[in-house]
file query_34.csv (CSV, C-alpha atoms)
chain,number,residue,atom,x,y,z
A,1,ARG,CA,121.8,-34.2,-44.5
A,2,SER,CA,119.3,-32.0,-42.7
A,3,VAL,CA,117.1,-32.7,-39.7
A,4,PRO,CA,113.9,-30.8,-39.0
A,5,LYS,CA,114.4,-27.7,-36.9
A,6,PRO,CA,112.0,-26.9,-34.0
A,7,ALA,CA,110.1,-23.7,-34.2
A,8,ILE,CA,111.8,-20.5,-33.1
A,9,GLY,CA,111.6,-20.0,-29.3
A,10,SER,CA,110.8,-23.6,-28.6
A,11,THR,CA,112.4,-25.4,-25.6
A,12,ALA,CA,114.3,-27.8,-27.9
A,13,GLU,CA,115.9,-25.0,-29.9
A,14,ASN,CA,116.7,-23.0,-26.7
A,15,GLN,CA,118.4,-26.1,-25.3
A,16,ALA,CA,120.4,-26.5,-28.6
A,17,ASP,CA,121.6,-22.9,-28.2
A,18,ARG,CA,122.6,-23.5,-24.6
A,19,ASN,CA,124.7,-26.6,-25.1
A,20,GLY,CA,126.0,-25.4,-28.5
A,21,LEU,CA,125.2,-28.8,-30.2
A,22,SER,CA,122.1,-30.2,-31.9
A,23,ASP,CA,119.9,-32.5,-30.0
A,24,ALA,CA,121.3,-35.5,-31.9
A,25,ALA,CA,124.9,-34.3,-31.2
A,26,VAL,CA,127.5,-37.0,-30.8
A,27,PRO,CA,131.0,-35.6,-30.9
A,28,ARG,CA,132.9,-37.4,-33.7
A,29,ALA,CA,136.4,-36.5,-32.7
A,30,SER,CA,138.5,-36.0,-29.6
A,31,ALA,CA,138.4,-32.4,-28.4
A,32,CYS,CA,142.2,-32.6,-27.7
A,33,ALA,CA,143.0,-34.0,-31.1
A,34,ASP,CA,140.7,-31.9,-33.3
A,35,PHE,CA,138.6,-29.4,-31.5
A,36,TYR,CA,136.9,-28.0,-34.7
A,37,SER,CA,135.6,-31.5,-35.6
A,38,TYR,CA,134.6,-32.1,-32.0
A,39,ALA,CA,132.6,-28.9,-31.9
A,40,CYS,CA,131.2,-28.7,-35.4
A,41,SER,CA,131.2,-32.1,-37.2
A,42,ASP,CA,127.7,-33.1,-36.0
A,43,TRP,CA,126.3,-29.7,-36.9
A,44,ILE,CA,127.8,-30.0,-40.4
A,45,ALA,CA,126.4,-33.5,-40.8
A,46,HIS,CA,122.9,-32.4,-39.8
A,47,THR,CA,122.8,-29.0,-41.5
A,48,ASP,CA,122.1,-28.1,-45.1
A,49,ILE,CA,123.0,-24.8,-46.7
A,50,PRO,CA,119.6,-23.0,-47.3
A,51,ASP,CA,118.6,-22.8,-50.9
A,52,ASP,CA,118.8,-19.0,-50.9
A,53,GLU,CA,122.3,-18.8,-49.3
A,54,GLY,CA,125.7,-19.3,-50.7
A,55,MET,CA,127.2,-20.3,-47.4
A,56,TRP,CA,126.0,-21.0,-43.9
A,57,THR,CA,127.8,-20.6,-40.5
A,58,ARG,CA,126.9,-21.9,-37.2
A,59,SER,CA,127.1,-18.7,-35.3
A,60,PHE,CA,126.1,-15.4,-36.9
A,61,GLN,CA,123.9,-16.7,-39.7
A,62,GLU,CA,122.0,-19.0,-37.3
A,63,ILE,CA,121.4,-16.0,-35.0
A,64,GLY,CA,120.6,-13.8,-38.0
A,65,ARG,CA,117.9,-16.3,-39.2
A,66,LYS,CA,116.2,-16.1,-35.8
A,67,ASN,CA,116.4,-12.3,-35.7
A,68,ASP,CA,115.0,-12.1,-39.3
A,69,GLU,CA,112.0,-14.2,-38.2
A,70,ALA,CA,111.5,-12.0,-35.2
A,71,LEU,CA,111.7,-8.8,-37.2
A,72,HIS,CA,109.5,-10.3,-39.9
A,73,ALA,CA,106.7,-10.8,-37.3
A,74,ILE,CA,107.1,-7.2,-36.2
A,75,LEU,CA,106.8,-5.8,-39.7
A,76,GLU,CA,103.9,-8.0,-40.6
A,77,ARG,CA,102.1,-6.8,-37.5
A,78,ASP,CA,102.9,-3.2,-38.3
A,79,ALA,CA,101.7,-3.6,-41.9
A,80,MET,CA,98.3,-4.9,-40.8
A,81,ALA,CA,97.7,-3.2,-37.5
A,82,PRO,CA,100.5,-0.8,-36.3
A,83,PRO,CA,100.2,-0.3,-32.5
A,84,ALA,CA,99.6,3.4,-31.8
A,85,GLU,CA,101.8,3.3,-28.7
A,86,GLU,CA,104.9,2.3,-30.6
A,87,PRO,CA,106.8,5.1,-32.4
A,88,TYR,CA,107.4,4.7,-36.1
A,89,SER,CA,105.1,1.6,-36.3
A,90,GLN,CA,102.9,3.2,-39.0
A,91,GLU,CA,106.0,4.3,-41.1
A,92,LEU,CA,107.6,0.8,-40.7
A,93,GLY,CA,104.4,-0.9,-41.7
A,94,ASP,CA,103.8,1.4,-44.7
A,95,PHE,CA,107.4,1.0,-46.0
A,96,TYR,CA,107.4,-2.8,-45.6
A,97,ALA,CA,104.0,-3.2,-47.2
A,98,ALA,CA,104.9,-1.0,-50.2
A,99,CYS,CA,108.0,-3.2,-50.8
A,100,MET,CA,106.0,-6.4,-50.4
A,101,ASP,CA,103.4,-5.4,-53.0
A,102,GLU,CA,105.3,-6.7,-56.0
A,103,THR,CA,102.1,-6.7,-58.2
A,104,ALA,CA,101.7,-2.9,-57.7
A,105,ILE,CA,105.4,-2.4,-58.3
A,106,ASP,CA,105.2,-4.4,-61.6
A,107,ALA,CA,102.2,-2.4,-62.6
A,108,ARG,CA,104.0,0.9,-62.0
A,109,GLY,CA,106.9,-0.2,-64.2
A,110,ASN,CA,110.3,1.4,-64.2
A,111,ALA,CA,109.4,5.0,-64.9
A,112,GLU,CA,110.6,6.3,-61.5
A,113,LEU,CA,113.8,4.3,-61.7
A,114,ARG,CA,114.4,5.7,-65.2
A,115,THR,CA,113.9,9.2,-63.8
A,116,LEU,CA,116.5,8.6,-61.2
A,117,LEU,CA,118.9,7.1,-63.8
A,118,ASP,CA,118.4,10.0,-66.1
A,119,SER,CA,119.2,12.5,-63.3
A,120,ILE,CA,122.7,11.2,-63.0
A,121,ASP,CA,125.0,14.0,-64.2
A,122,THR,CA,128.7,13.6,-64.9
A,123,SER,CA,129.0,16.5,-67.2
A,124,ASP,CA,131.9,18.0,-65.1
A,125,ALA,CA,133.6,17.4,-61.8
A,126,GLU,CA,131.3,19.6,-59.8
A,127,HIS,CA,128.1,18.0,-61.1
A,128,THR,CA,129.7,14.5,-60.6
A,129,ALA,CA,130.5,15.3,-57.0
A,130,THR,CA,126.9,16.3,-56.4
A,131,THR,CA,125.7,13.1,-58.1
A,132,ILE,CA,128.0,11.0,-55.9
A,133,ALA,CA,126.6,12.6,-52.8
A,134,HIS,CA,123.0,12.1,-53.8
A,135,LEU,CA,123.7,8.5,-54.6
A,136,HIS,CA,125.5,8.0,-51.3
A,137,LEU,CA,122.5,9.3,-49.5
A,138,LEU,CA,120.4,6.6,-51.3
A,139,GLY,CA,122.9,4.0,-50.1
A,140,VAL,CA,124.5,3.5,-53.5
A,141,PRO,CA,128.2,3.1,-53.0
A,142,VAL,CA,129.7,4.8,-56.1
A,143,LEU,CA,133.5,5.2,-56.3
A,144,PHE,CA,134.0,5.2,-52.6
A,145,VAL,CA,132.1,4.9,-49.3
A,146,LEU,CA,131.8,7.5,-46.5
A,147,GLU,CA,130.4,6.1,-43.3
A,148,PRO,CA,130.3,7.1,-39.6
A,149,GLU,CA,132.1,4.7,-37.3
A,150,ALA,CA,133.4,4.7,-33.8
A,151,ASP,CA,136.6,6.8,-33.6
A,152,LEU,CA,139.7,4.6,-33.7
A,153,ALA,CA,141.5,6.9,-31.3
A,154,ASP,CA,138.6,7.5,-28.9
A,155,SER,CA,135.7,5.0,-29.1
A,156,ARG,CA,133.5,7.4,-27.2
A,157,GLY,CA,133.2,9.6,-30.3
A,158,MET,CA,132.4,9.1,-33.9
A,159,SER,CA,134.4,9.8,-37.0
A,160,ALA,CA,134.0,9.6,-40.8
A,161,VAL,CA,135.6,6.6,-42.5
A,162,VAL,CA,136.4,6.8,-46.2
A,163,ARG,CA,137.1,3.5,-47.9
A,164,GLN,CA,136.9,1.7,-51.2
A,165,PRO,CA,133.4,0.5,-52.2
A,166,PRO,CA,132.4,-3.2,-52.2
A,167,LEU,CA,133.4,-5.3,-55.2
A,168,THR,CA,130.7,-6.5,-57.6
A,169,LEU,CA,132.3,-9.8,-58.3
A,170,PRO,CA,134.5,-12.1,-56.1
A,171,GLU,CA,138.1,-10.9,-55.9
A,172,GLU,CA,139.5,-14.3,-56.7
A,173,ILE,CA,139.0,-13.9,-60.5
A,174,ASP,CA,141.9,-15.4,-62.5
A,175,ASP,CA,141.6,-14.5,-66.1
A,176,GLY,CA,143.9,-17.4,-67.1
A,177,GLY,CA,145.6,-15.2,-69.7
A,178,SER,CA,142.6,-14.1,-71.6
A,179,ASP,CA,141.2,-10.6,-71.7
A,180,ILE,CA,137.7,-11.6,-70.8
A,181,PRO,CA,137.4,-15.0,-69.0
A,182,PRO,CA,134.1,-16.9,-69.1
A,183,LEU,CA,132.8,-15.5,-65.8
A,184,LEU,CA,133.3,-12.0,-67.1
A,185,ASP,CA,131.7,-12.9,-70.4
A,186,GLY,CA,128.6,-14.0,-68.4
A,187,TYR,CA,128.8,-10.8,-66.3
A,188,ALA,CA,128.9,-8.6,-69.4
A,189,ALA,CA,125.8,-10.3,-70.8
A,190,HIS,CA,124.1,-9.9,-67.4
A,191,LEU,CA,124.9,-6.2,-67.3
A,192,GLN,CA,123.5,-5.8,-70.8
A,193,ARG,CA,120.3,-7.5,-69.9
A,194,MET,CA,119.8,-5.4,-66.7
A,195,PHE,CA,120.5,-2.2,-68.6
A,196,ALA,CA,117.9,-3.2,-71.2
A,197,LEU,CA,115.3,-4.0,-68.5
A,198,ALA,CA,115.9,-0.8,-66.5
A,199,THR,CA,116.6,1.9,-69.2
A,200,ASP,CA,114.6,3.3,-72.1
A,201,THR,CA,114.9,2.7,-75.8
A,202,HIS,CA,117.2,5.7,-76.3
A,203,SER,CA,120.1,4.1,-74.3
A,204,ASP,CA,122.6,1.6,-75.5
A,205,PRO,CA,122.7,-1.4,-73.1
A,206,PHE,CA,125.7,-3.0,-74.9
A,207,TYR,CA,127.8,0.2,-74.7
A,208,GLU,CA,126.9,0.9,-71.1
A,209,ALA,CA,127.6,-2.7,-70.1
A,210,ARG,CA,131.1,-2.7,-71.6
A,211,ALA,CA,131.9,0.7,-70.3
A,212,THR,CA,130.8,-0.3,-66.8
A,213,MET,CA,132.7,-3.5,-66.8
A,214,THR,CA,135.9,-1.9,-68.0
A,215,LEU,CA,135.8,0.8,-65.3
A,216,GLU,CA,134.9,-1.8,-62.6
A,217,ARG,CA,137.8,-3.9,-63.5
A,218,GLU,CA,140.2,-0.9,-63.4
A,219,LEU,CA,138.9,0.1,-60.0
A,220,ALA,CA,139.2,-3.4,-58.7
A,221,SER,CA,142.8,-3.6,-59.9
A,222,VAL,CA,143.7,-0.8,-57.5
A,223,PHE,CA,141.8,-2.1,-54.5
A,224,GLU,CA,143.7,-2.7,-51.3
A,225,PRO,CA,143.8,-6.4,-50.5
A,226,PRO,CA,142.2,-7.8,-47.4
A,227,ALA,CA,145.6,-8.5,-45.9
A,228,VAL,CA,146.2,-4.8,-45.5
A,229,PHE,CA,143.4,-4.6,-43.0
A,230,HIS,CA,145.1,-7.2,-40.8
A,231,ASP,CA,148.5,-5.5,-40.8
A,232,PRO,CA,149.1,-2.9,-38.1
A,233,ALA,CA,151.4,-1.1,-40.6
A,234,GLY,CA,148.4,-0.7,-42.9
A,235,ALA,CA,146.4,1.3,-40.3
A,236,PRO,CA,144.2,4.0,-41.8
A,237,SER,CA,145.4,7.6,-42.1
A,238,ILE,CA,143.7,9.8,-39.5
A,239,ILE,CA,143.3,13.3,-40.8
A,240,ASP,CA,141.2,16.4,-40.6
A,241,GLY,CA,138.3,16.1,-43.1
A,242,THR,CA,139.5,19.1,-45.0
A,243,GLN,CA,142.7,17.3,-45.8
A,244,LEU,CA,140.9,14.8,-48.1
A,245,SER,CA,141.7,17.2,-50.9
A,246,GLN,CA,145.4,16.4,-50.3
A,247,ILE,CA,144.8,12.7,-50.8
A,248,ALA,CA,142.4,13.0,-53.7
A,249,PRO,CA,142.7,16.6,-55.0
A,250,ASN,CA,140.8,16.0,-58.2
A,251,LEU,CA,137.6,15.1,-56.3
A,252,PRO,CA,135.6,18.3,-55.4
A,253,TRP,CA,135.2,17.5,-51.7
A,254,LYS,CA,133.7,20.9,-50.8
A,255,THR,CA,130.9,20.3,-53.4
A,256,TYR,CA,130.5,16.7,-52.2
A,257,PHE,CA,130.0,17.6,-48.5
A,258,SER,CA,127.8,20.5,-49.4
A,259,ALA,CA,125.5,18.2,-51.4
A,260,LEU,CA,125.4,15.9,-48.4
A,261,GLY,CA,124.2,18.8,-46.3
A,262,ILE,CA,127.2,18.7,-43.9
A,263,ASP,CA,130.5,20.4,-43.3
A,264,ALA,CA,133.7,18.5,-43.8
A,265,PRO,CA,134.2,16.2,-40.8
A,266,THR,CA,136.7,17.3,-38.1
A,267,VAL,CA,138.1,13.8,-38.0
A,268,ALA,CA,138.3,11.4,-41.0
A,269,HIS,CA,139.8,8.0,-41.2
A,270,VAL,CA,141.0,7.1,-44.7
A,271,ALA,CA,140.9,3.3,-44.5
A,272,THR,CA,142.2,2.7,-48.0
A,273,PRO,CA,144.6,5.6,-48.9
A,274,HIS,CA,146.2,3.7,-51.8
A,275,TYR,CA,142.9,3.2,-53.4
A,276,MET,CA,141.8,6.8,-52.9
A,277,SER,CA,145.0,8.0,-54.5
A,278,ALA,CA,144.5,5.7,-57.5
A,279,LEU,CA,140.9,6.8,-57.7
A,280,ASN,CA,142.0,10.4,-57.9
A,281,SER,CA,144.0,9.7,-61.1
A,282,ILE,CA,141.2,7.6,-62.6
A,283,PHE,CA,138.6,10.3,-61.9
A,284,ALA,CA,140.8,13.0,-63.4
A,285,ARG,CA,141.3,11.0,-66.6
A,286,GLN,CA,137.5,10.3,-67.0
A,287,MET,CA,136.7,14.0,-66.6
A,288,LYS,CA,139.0,15.0,-69.5
A,289,THR,CA,136.9,13.6,-72.4
A,290,PRO,CA,133.2,13.3,-73.2
A,291,ILE,CA,133.7,9.5,-73.6
A,292,GLY,CA,135.2,9.3,-70.2
A,293,LYS,CA,132.3,11.2,-68.6
A,294,ASP,CA,129.8,8.9,-70.4
A,295,GLU,CA,131.7,5.8,-69.1
A,296,LEU,CA,131.5,7.2,-65.5
A,297,ARG,CA,127.8,7.9,-66.0
A,298,ALA,CA,127.2,4.3,-67.2
A,299,LEU,CA,129.0,3.0,-64.0
A,300,PHE,CA,126.9,5.2,-61.8
A,301,ARG,CA,123.7,4.0,-63.5
A,302,TRP,CA,124.7,0.4,-63.0
A,303,GLU,CA,125.4,0.9,-59.3
A,304,VAL,CA,121.9,2.3,-58.9
A,305,ILE,CA,120.3,-0.6,-60.8
A,306,ARG,CA,122.4,-3.1,-58.8
A,307,ALA,CA,121.5,-1.5,-55.4
A,308,LEU,CA,117.8,-1.2,-56.0
A,309,ALA,CA,117.1,-4.3,-58.2
A,310,PRO,CA,116.4,-6.8,-55.4
A,311,THR,CA,113.2,-5.0,-54.3
A,312,LEU,CA,112.1,-3.6,-57.6
A,313,GLY,CA,109.8,-5.4,-60.0
A,314,SER,CA,109.9,-9.2,-60.6
A,315,ALA,CA,111.9,-8.9,-63.9
A,316,LEU,CA,114.7,-6.8,-62.3
A,317,SER,CA,114.8,-8.8,-59.1
A,318,GLN,CA,114.9,-12.1,-60.9
A,319,GLY,CA,117.6,-10.7,-63.2
A,320,ASN,CA,119.6,-9.6,-60.2
A,321,PHE,CA,119.4,-13.1,-58.8
A,322,GLU,CA,120.8,-14.7,-61.9
A,323,ILE,CA,124.2,-13.2,-61.3
A,324,GLU,CA,124.0,-13.9,-57.6
A,325,LYS,CA,123.3,-17.5,-58.4
A,326,SER,CA,126.4,-17.8,-60.5
A,327,GLU,CA,128.6,-16.1,-57.8
A,328,THR,CA,127.3,-17.9,-54.7
A,329,GLY,CA,125.8,-21.2,-55.8
A,330,ALA,CA,122.4,-20.3,-54.2
A,331,THR,CA,119.6,-22.1,-56.1
A,332,GLN,CA,116.7,-20.0,-55.0
A,333,MET,CA,116.1,-16.3,-54.7
A,334,ALA,CA,115.5,-15.1,-51.2
A,335,LEU,CA,111.8,-14.8,-50.4
A,336,ARG,CA,110.3,-11.3,-51.0
A,337,TRP,CA,109.8,-10.8,-47.2
A,338,LYS,CA,113.5,-11.3,-46.6
A,339,ARG,CA,114.5,-8.8,-49.3
A,340,CYS,CA,112.0,-6.3,-48.0
A,341,LEU,CA,113.0,-6.9,-44.4
A,342,HIS,CA,116.7,-6.2,-45.2
A,343,THR,CA,115.7,-3.1,-47.2
A,344,THR,CA,113.6,-1.8,-44.3
A,345,GLU,CA,116.6,-2.5,-41.9
A,346,ALA,CA,118.9,-0.5,-44.2
A,347,VAL,CA,116.5,2.5,-44.5
A,348,MET,CA,114.8,2.5,-41.1
A,349,GLY,CA,117.0,0.3,-39.0
A,350,ASP,CA,117.0,2.6,-35.9
A,351,ALA,CA,113.2,2.7,-36.0
A,352,LEU,CA,113.0,-1.1,-36.3
A,353,THR,CA,115.3,-1.5,-33.3
A,354,ILE,CA,112.8,0.0,-30.9
A,355,PRO,CA,110.1,-2.8,-31.1
A,356,PHE,CA,112.7,-5.5,-31.4
A,357,VAL,CA,114.4,-4.4,-28.1
A,358,GLN,CA,111.0,-4.0,-26.4
A,359,LYS,CA,109.9,-7.5,-27.3
A,360,TYR,CA,113.0,-9.6,-27.2
A,361,VAL,CA,115.5,-7.9,-24.9
A,362,SER,CA,115.0,-8.2,-21.1
A,363,GLY,CA,114.9,-5.1,-18.9
A,364,ASP,CA,118.1,-6.1,-17.2
A,365,ALA,CA,119.9,-6.5,-20.5
call {"tool": "encode", "arguments": {"input": "query_34.csv", "output": "structure tokens"}}
result
Amino acid sequence: RSVPKPAIGSTAENQADRNGLSDAAVPRASACADFYSYACSDWIAHTDIPDDEGMWTRSFQEIGRKNDEALHAILERDAMAPPAEEPYSQELGDFYAACMDETAIDARGNAELRTLLDSIDTSDAEHTATTIAHLHLLGVPVLFVLEPEADLADSRGMSAVVRQPPLTLPEEIDDGGSDIPPLLDGYAAHLQRMFALATDTHSDPFYEARATMTLERELASVFEPPAVFHDPAGAPSIIDGTQLSQIAPNLPWKTYFSALGIDAPTVAHVATPHYMSALNSIFARQMKTPIGKDELRALFRWEVIRALAPTLGSALSQGNFEIEKSETGATQMALRWKRCLHTTEAVMGDALTIPFVQKYVSGDA
């Protein structure tokens, strides 16, 4: 179904961008009768989903592919010969090159990952709040997400947005009446394999996998559905940051913000108040017993493994892809450079913006 694509930046591809159709485009339907088919049928007929993707769209993913190639060229240059006149080029090159050296990563093993996993402390509510903050600073979305976004009431300013974290599995899981459907059976086995790869011989991968999956399913059951975010009546609560303790009083917010190194935000948008209220009850229950604390620790350890696995050693990155393959249908793991590019963007995105703008955005723009 595919046709060869011209190289990025070529006249042919630029022409395709301007007219919105491929060079071989022949509209297959009347624009008045079926505009979607008129606009997209030829693109669909001549486009394959890339092997490392679960889906492919004509707009943002096509643009994203070109941007990835452009950013890839910048990072390869910075890794080999960072230009002295560009700020952060040395840091970008070093970070990207370190991620790309999978041989060295494999040789180092998982000792540093295990040190991080062992540092996770859920012995009481205060230590757990500190652990949550430290993991959030690493970009690991445990229990909830706190992010700066444009203020909903005044877009000239920023506010803190509190929301439920991303789900691990697709939300459309129907257990068909059984306690653990086939997909979840496979997921439990995946969790056990990943824990075994990442942790030491003193841990119990089977126990941690089952504890993690049980808690994940419970948290998912109180998630607010996507429809809420499209309903004006479901608009987020806008409060003073100190009032977060009124929505979820069992979470030690003062300790959490202190561990982040900030004061409570003056404006906070609670995008998922129902979830935060339910999380408050779940958190309180887990803190009551040693078993509950161990279960929470297992969940946190899994979130660290899941977040870091794509750019760790070959065994963990391949193991991470196995569950992605079953979820998305992708048949090939993304190339190492793509994974390292996206990690660099996540960690040093503002720095990477500078050379991209200088090279690809005109002065007028």
call {"tool": "atom_distance", "arguments": {"input": "query_34.csv", "atom1": "atom CA of A:Asp124", "atom2": "atom CA of A:Ala160"}}
result
25.8 Å
call {"tool": "closest_residue", "arguments": {"input": "query_34.csv", "among": "A:Asp350, A:Asp263, A:Glu208, A:Asp34", "to": "A:Arg301", "atoms": "all atoms listed in the file"}}
result
A:Glu208
call {"tool": "closest_residue", "arguments": {"input": "query_34.csv", "among": "A:Ala365, A:Val145, A:Ala84, A:Leu335", "to": "A:Arg163", "atoms": "only C-alpha atoms"}}
result
A:Val145
call {"tool": "atom_distance", "arguments": {"input": "query_34.csv", "atom1": "atom CA of A:Ala125", "atom2": "atom CA of A:Leu279"}}
result
13.5 Å
call {"tool": "residues_around", "arguments": {"input": "query_34.csv", "residues": "A:Thr328", "least_positions_apart": "6", "cutoff": "8 Å", "atoms": "all atoms listed in the file", "output": "PyMOL selection string"}}
result
chain A and resi 53-55
call {"tool": "residues_around", "arguments": {"input": "query_34.csv", "residues": "stretch 131-143 of chain A", "least_positions_apart": "4", "cutoff": "6 Å", "atoms": "all atoms listed in the file", "output": "list in words"}}
result
Pro165, Tyr256, Ala259 and Leu260 of chain A
call {"tool": "write_last_selection", "arguments": {"input": "query_34.csv", "atoms": "C-alpha atoms", "output": "PDB file, keeping the file's coordinate frame"}}
result
ATOM      1  CA  PRO A 165     133.400   0.500 -52.200  1.00  0.00           C
ATOM      2  CA  TYR A 256     130.500  16.700 -52.200  1.00  0.00           C
ATOM      3  CA  ALA A 259     125.500  18.200 -51.400  1.00  0.00           C
ATOM      4  CA  LEU A 260     125.400  15.900 -48.400  1.00  0.00           C
TER       5      LEU A 260
END
call {"tool": "residues_around", "arguments": {"input": "query_34.csv", "residues": "A:Val357", "least_positions_apart": "4", "cutoff": "12 Å", "atoms": "only C-alpha atoms", "output": "number ranges by chain"}}
result
A: 67, 70-71, 74, 86, 350-353, 361-365
call {"tool": "closest_residue", "arguments": {"input": "query_34.csv", "among": "A:Ala188, A:Leu75, A:Ala111, A:Ala220", "to": "A:Gln90", "atoms": "only C-alpha atoms"}}
result
A:Leu75
call {"tool": "closest_residue", "arguments": {"input": "query_34.csv", "among": "A:Leu92, A:Met276, A:Ala248, A:Ala29", "to": "A:Ile354", "atoms": "all atoms listed in the file"}}
result
A:Leu92
call {"tool": "closest_residue", "arguments": {"input": "query_34.csv", "among": "A:Gly261, A:Pro225, A:Pro310, A:Pro249", "to": "A:Ser281", "atoms": "all atoms listed in the file"}}
result
A:Pro249
call {"tool": "closest_residue", "arguments": {"input": "query_34.csv", "among": "A:Ala346, A:Ala33, A:Ala268, A:Ala211", "to": "A:Gly157", "atoms": "only C-alpha atoms"}}
result
A:Ala268
call {"tool": "residues_around", "arguments": {"input": "query_34.csv", "residues": "A:Thr344", "least_positions_apart": "3", "cutoff": "9 Å", "atoms": "all atoms listed in the file", "output": "VMD selection string"}}
result
chain A and resid 92 95 to 96 99 339 to 341 347 to 349 352
call {"tool": "residues_around", "arguments": {"input": "query_34.csv", "residues": "stretch 285-287 of chain A", "least_positions_apart": "4", "cutoff": "9 Å", "atoms": "all atoms listed in the file", "output": "VMD selection string"}}
result
chain A and resid 122 to 125 280 to 281 291 to 296
call {"tool": "write_last_selection", "arguments": {"input": "query_34.csv", "atoms": "C-alpha atoms", "output": "compact mmCIF listing (two decimals), keeping the file's coordinate frame"}}
result
# COMPACT_ATOMS: atom_id res chain seq x y z
CA THR A 122 128.70 13.60 -64.90
CA SER A 123 129.00 16.50 -67.20
CA ASP A 124 131.90 18.00 -65.10
CA ALA A 125 133.60 17.40 -61.80
CA ASN A 280 142.00 10.40 -57.90
CA SER A 281 144.00 9.70 -61.10
CA ILE A 291 133.70 9.50 -73.60
CA GLY A 292 135.20 9.30 -70.20
CA LYS A 293 132.30 11.20 -68.60
CA ASP A 294 129.80 8.90 -70.40
CA GLU A 295 131.70 5.80 -69.10
CA LEU A 296 131.50 7.20 -65.50
call {"tool": "atom_distance", "arguments": {"input": "query_34.csv", "atom1": "atom CA of A:Asp151", "atom2": "atom CA of A:Phe223"}}
result
23.3 Å
call {"tool": "decode", "arguments": {"input": "query_34.csv", "residues": "stretch 259-263 of chain A", "atoms": "all heavy atoms", "output": "compact mmCIF listing (two decimals), in the first residue's frame"}}
result
# COMPACT_ATOMS: atom_id res chain seq x y z
N ALA A 259 9.26 18.94 49.47
CA ALA A 259 10.20 18.04 48.77
C ALA A 259 10.41 18.46 47.32
O ALA A 259 11.47 18.19 46.73
CB ALA A 259 9.70 16.60 48.85
N LEU A 260 9.42 19.11 46.72
CA LEU A 260 9.58 19.64 45.37
C LEU A 260 10.45 20.89 45.37
O LEU A 260 10.94 21.32 44.32
CB LEU A 260 8.22 20.00 44.76
CG LEU A 260 7.29 18.86 44.33
CD1 LEU A 260 5.99 19.44 43.77
CD2 LEU A 260 7.95 17.96 43.29
N GLY A 261 10.60 21.49 46.55
CA GLY A 261 11.40 22.71 46.64
C GLY A 261 10.61 23.96 46.33
O GLY A 261 11.18 24.98 45.95
N ILE A 262 9.27 23.91 46.47
CA ILE A 262 8.42 25.06 46.16
C ILE A 262 7.39 25.25 47.27
O ILE A 262 7.14 24.36 48.09
CB ILE A 262 7.68 24.89 44.82
CG1 ILE A 262 6.76 23.66 44.86
CG2 ILE A 262 8.67 24.79 43.66
CD1 ILE A 262 5.90 23.50 43.62
N ASP A 263 6.78 26.42 47.27
CA ASP A 263 5.64 26.66 48.14
C ASP A 263 4.39 26.17 47.43
O ASP A 263 4.38 25.96 46.21
CB ASP A 263 5.50 28.15 48.45
CG ASP A 263 6.69 28.68 49.25
OD1 ASP A 263 7.19 27.92 50.10
OD2 ASP A 263 7.09 29.83 49.00
